[in-house]
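Colleague: Structure in structure tokens, see below.
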Amino acid sequence: MAELYQQFLGTTPGMVVELVDDSASPFLVRSEDGFTFLVSGDDFRNYYRKVKETTPRRWKPFVTDAERGLVESAKMARVMDLVHSFEGFVGDFDKARSWVRDALGAMTSGHRQDWEAVRRSLAERGWDSAAVPEAELERLAKLPADLRSLLLEETPAVVPFTGLMAGPNGDEAPPVRPRRASAEASAEPAGAPAKKKAAKPRLGGMKNVDLSIDGDLLTIKVDLSLDFGPSKSGKTTIVASSQGNKTVPGREEKIGLNVYKQEAKKPSKGRRSEFKNVVMAVDGDALTVKVDLSKEFGASKSGQTTIIASTEGNQLVFGREEKIGLNVYRKNE
């Protein structure tokens with residue numbers, strides 16, 4: 001009897017398919033109405049579950065419909081973005097997640113709030129909310145009911161950083177709350193899962209990106225041992241990001257940087273240390289990238305910018321499995 005699988009990622013309960021051939025990626029599957037199509041092996045393993053089985057454990061923090069085990073990625077992205085927006089006021093992601101839940105618990109949905117009473121309630125729970133502007137409290141109070149109910153629950157988005165990491169044999173890895181490596185790590189029992197370092201935003205809202213300038217030499221440093229959890233698509237794990245295109249401090253050039261991990265059946269390692277005016281060096285988990293800002297490579301295709309440096313797409317980090325995408329440019333007058 002053919003095994004049936006159901007997609008659990010989407011805004012409605014996913015289609016049920018029969019797995020026809022999984023001997024090689026992409027897999028051949030057949031829908032209930034007889035339509036056959038191909039799904040990449042990674043996508044099938046990540047986003048389909050056997051009918052009547054529960055959603056894989058690694059996805060539990062992102063479940064938006066507990067009854068059906070449904071993961072609505074767009075809705076969860078809004079939840080994650082909202083929690084991240086409070087990190088600067090109360091600390092890291094874990095603290096922001098707990099603070100948001102307690103703040104919502106102290107509010108009355110849809111009504112004008114007594115903000116002083118809300119702050120007193122938070123203080124009773126051990127929170128100092130003095131740094132949080134009233135406008136941010138109002139934004140929380142006006143959340144739609146569906147997002148509000150998710151944030152009031154105990155589990156959604158509570159373990160965001162390692163929930164999608166796979167174990168050594170492709171099995172689901174147990175969730176591990178992020179923290180920085182310390183002497184405590186040596187006290188872990190043998191065979192315990194390695195714990196990730198806690199990730200924190202850096203300069204100008206960037207994540208895990210340190211910039212320094214010496215004359216025309218731009219140096220970028222990234223700690224490859226950090227991660228910031230899954231991207232909005234859920235297909236990659238964010239290691240570092242400039243969070244869009246940002247101006248290089250004290251310069252007119254702009255930089256766009258993303259470093260991420262992507263699971264692959266046959267992982268390969270980067271063999272090139274140089275691209276277009278991009279020179280990489282890796283020492284342990286420390287990635288250093290150097291760019292000469294005095295160089296130019298002509299106008300971009302749009303003609304609106306001048307190219308200074310580029311990896312020309314996403315490339316493997318030298319000697320590593322992570323991927324990097326870097327562009328440095330100058331706007332034309």
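As shown in the structure tokens, the chain order sets the letters A, B, ...; within each chain, residues go from 1, and ligands are also counted from 1 in the order they appear.
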Just asking: which residues within region 34-137 of chain A are alpha helix (DSSP H) according to DSSP, as number ranges by chain?

Modeller: A: 41-47, 73-85, 87-90, 93-105, 115-124, 134-137

Colleague: For region 50-57 of chain A, find every residue with an atom within 6 Å (counting only C-alpha atoms), except residues of its own chain fewer than 3 positions away, and show them as a ChimeraX atom specification.

Modeller: /A:4-6,60,69

Colleague: May I have the selected residues written with C-alpha atoms, as a short mmCIF file (atom, residue, chain, number, x, y, z; two decimals), in the first residue's frame?

Modeller:
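Saved result, result_3.cif, follows:
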data_model
loop_
_atom_site.label_atom_id
_atom_site.label_comp_id
_atom_site.auth_asym_id
_atom_site.auth_seq_id
_atom_site.Cartn_x
_atom_site.Cartn_y
_atom_site.Cartn_z
CA LEU A 4 0.52 9.07 1.85
CA TYR A 5 2.04 12.37 2.93
CA GLN A 6 0.51 15.76 3.63
CA LYS A 60 6.90 22.90 16.67
CA GLY A 69 -0.14 21.12 13.24
#

Colleague: Env of Asn332 (chain A): 12 Å cut, atoms = only C-alpha atoms, seq-sep filter 5 positions within chain, self excluded. Answer as a PyMOL selection string.

Modeller: chain A and resi 252-254+298-300+302-307

Colleague: In terms of the shortest atom-to-atom distance over only C-alpha atoms, which of A:Asp42, A:Glu72, A:Glu134, A:Glu32 is closest to Asp114 (chain A)?

Modeller: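 Checking each of A:Asp42, A:Glu72, A:Glu134, A:Glu32 against Asp114 (chain A), counting only C-alpha atoms, the winner is A:Glu134.
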
Colleague: Give me, as CSV, the closest atom pair and its distance (Å, one decimal) for every residue of region 99-146 of chain A within a cut-off of 12 Å of region 76-85 of chain A, counting only C-alpha atoms, rows sorted by chain and rising number.

Modeller:
residue,atom,partner,partner_atom,distance
A:Trp99,CA,A:Val83,CA,9.0
A:Val100,CA,A:Val83,CA,7.0
A:Arg101,CA,A:Val83,CA,9.7
A:Ala103,CA,A:Val83,CA,11.8
A:Val132,CA,A:Ser85,CA,10.9
A:Glu136,CA,A:Ser85,CA,9.4
A:Leu137,CA,A:Leu82,CA,11.9
A:Arg139,CA,A:Leu82,CA,9.8
A:Leu140,CA,A:Leu82,CA,8.9
A:Leu143,CA,A:Leu82,CA,10.1
A:Pro144,CA,A:Arg78,CA,11.1
A:Asp146,CA,A:Val79,CA,10.2

Colleague: Counting only C-alpha atoms, which residue out of A:Phe62, A:Tyr48, A:Phe297, A:Phe318 sits closest to Gly270 (chain A)?

Modeller: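 Smallest separation from Gly270 (chain A) among the options: A:Phe318.
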
Colleague: Between A:Phe228, A:Asp33, A:Arg251, A:Asn327, single out the one closest to Asn277 (chain A), counting only C-alpha atoms.

Modeller: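 Under the stated criterion, the closest residue is A:Asn327.
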
Colleague: Would you kindly return, as an NGL selection string, each protein, DNA or RNA residue with an atom no farther than 12 Å from any atom of Lys261 (chain A), considering only C-alpha atoms and excluding same-chain residues fewer than 6 positions away?

Modeller: :A and (164-166 or 224-231 or 234-240 or 267-269 or 314-317 or 320-325)

Colleague: Would you output that residue set with C-alpha atoms, as a short mmCIF file (atom, residue, chain, number, x, y, z; two decimals), in the first residue's frame?

Modeller:
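So the final result, stored in again.cif, reads:
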data_model
loop_
_atom_site.label_atom_id
_atom_site.label_comp_id
_atom_site.auth_asym_id
_atom_site.auth_seq_id
_atom_site.Cartn_x
_atom_site.Cartn_y
_atom_site.Cartn_z
CA LEU A 164 15.34 23.53 12.28
CA MET A 165 18.81 22.09 12.73
CA ALA A 166 19.12 18.44 11.77
CA LEU A 224 30.49 31.54 11.66
CA SER A 225 29.58 29.74 14.89
CA LEU A 226 26.52 31.96 15.42
CA ASP A 227 23.09 31.54 13.91
CA PHE A 228 19.90 33.60 13.96
CA GLY A 229 17.47 30.82 13.15
CA PRO A 230 15.64 30.09 9.93
CA SER A 231 15.00 32.56 7.17
CA GLY A 234 12.52 28.17 6.38
CA LYS A 235 14.95 26.79 3.79
CA THR A 236 18.13 28.35 5.17
CA THR A 237 19.61 29.28 8.54
CA ILE A 238 20.83 32.86 8.91
CA VAL A 239 24.42 33.25 10.11
CA ALA A 240 24.96 36.95 9.42
CA PRO A 267 27.72 19.17 1.35
CA SER A 268 30.71 20.71 -0.36
CA LYS A 269 33.27 23.22 0.85
CA ASN A 314 25.89 33.39 -3.43
CA GLN A 315 29.17 31.51 -3.10
CA LEU A 316 30.60 28.97 -0.65
CA VAL A 317 32.77 30.48 2.07
CA ARG A 320 33.43 26.00 4.71
CA GLU A 321 29.87 24.85 3.93
CA GLU A 322 28.27 28.24 4.65
CA LYS A 323 27.35 30.49 1.73
CA ILE A 324 28.03 34.19 1.34
CA GLY A 325 26.51 36.85 -0.87
#

Colleague: At a cut-off of 7 Å, using only C-alpha atoms, what residues contact region 278-292 of chain A? Leave out same-chain residues fewer than 5 positions from it and give the result as a ChimeraX atom specification.

Modeller: /A:216-225,273,309-311,318

Colleague: Calculate how many Å separate CA of Glu296 (chain A) from CA of Arg330 (chain A), rounding to one decimal.

Modeller: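 Those two atoms sit 9.2 Å apart.
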
Colleague: One decimal, in Å: what's the spacing between CA of Asn208 (chain A) and CA of Leu293 (chain A)?

Modeller: 21.4 Å

Colleague: Please identify the strand (DSSP E) residues within region 19-89 of chain A (assignment by DSSP from backbone atoms) and present them as an NGL selection string.

Modeller: :A and (19-21 or 27-31 or 36-39 or 48-50)

Colleague: Mind pulling up the distance from CA of Val158 (chain A) to CA of Leu104 (chain A)?

Modeller: 15.6 Å
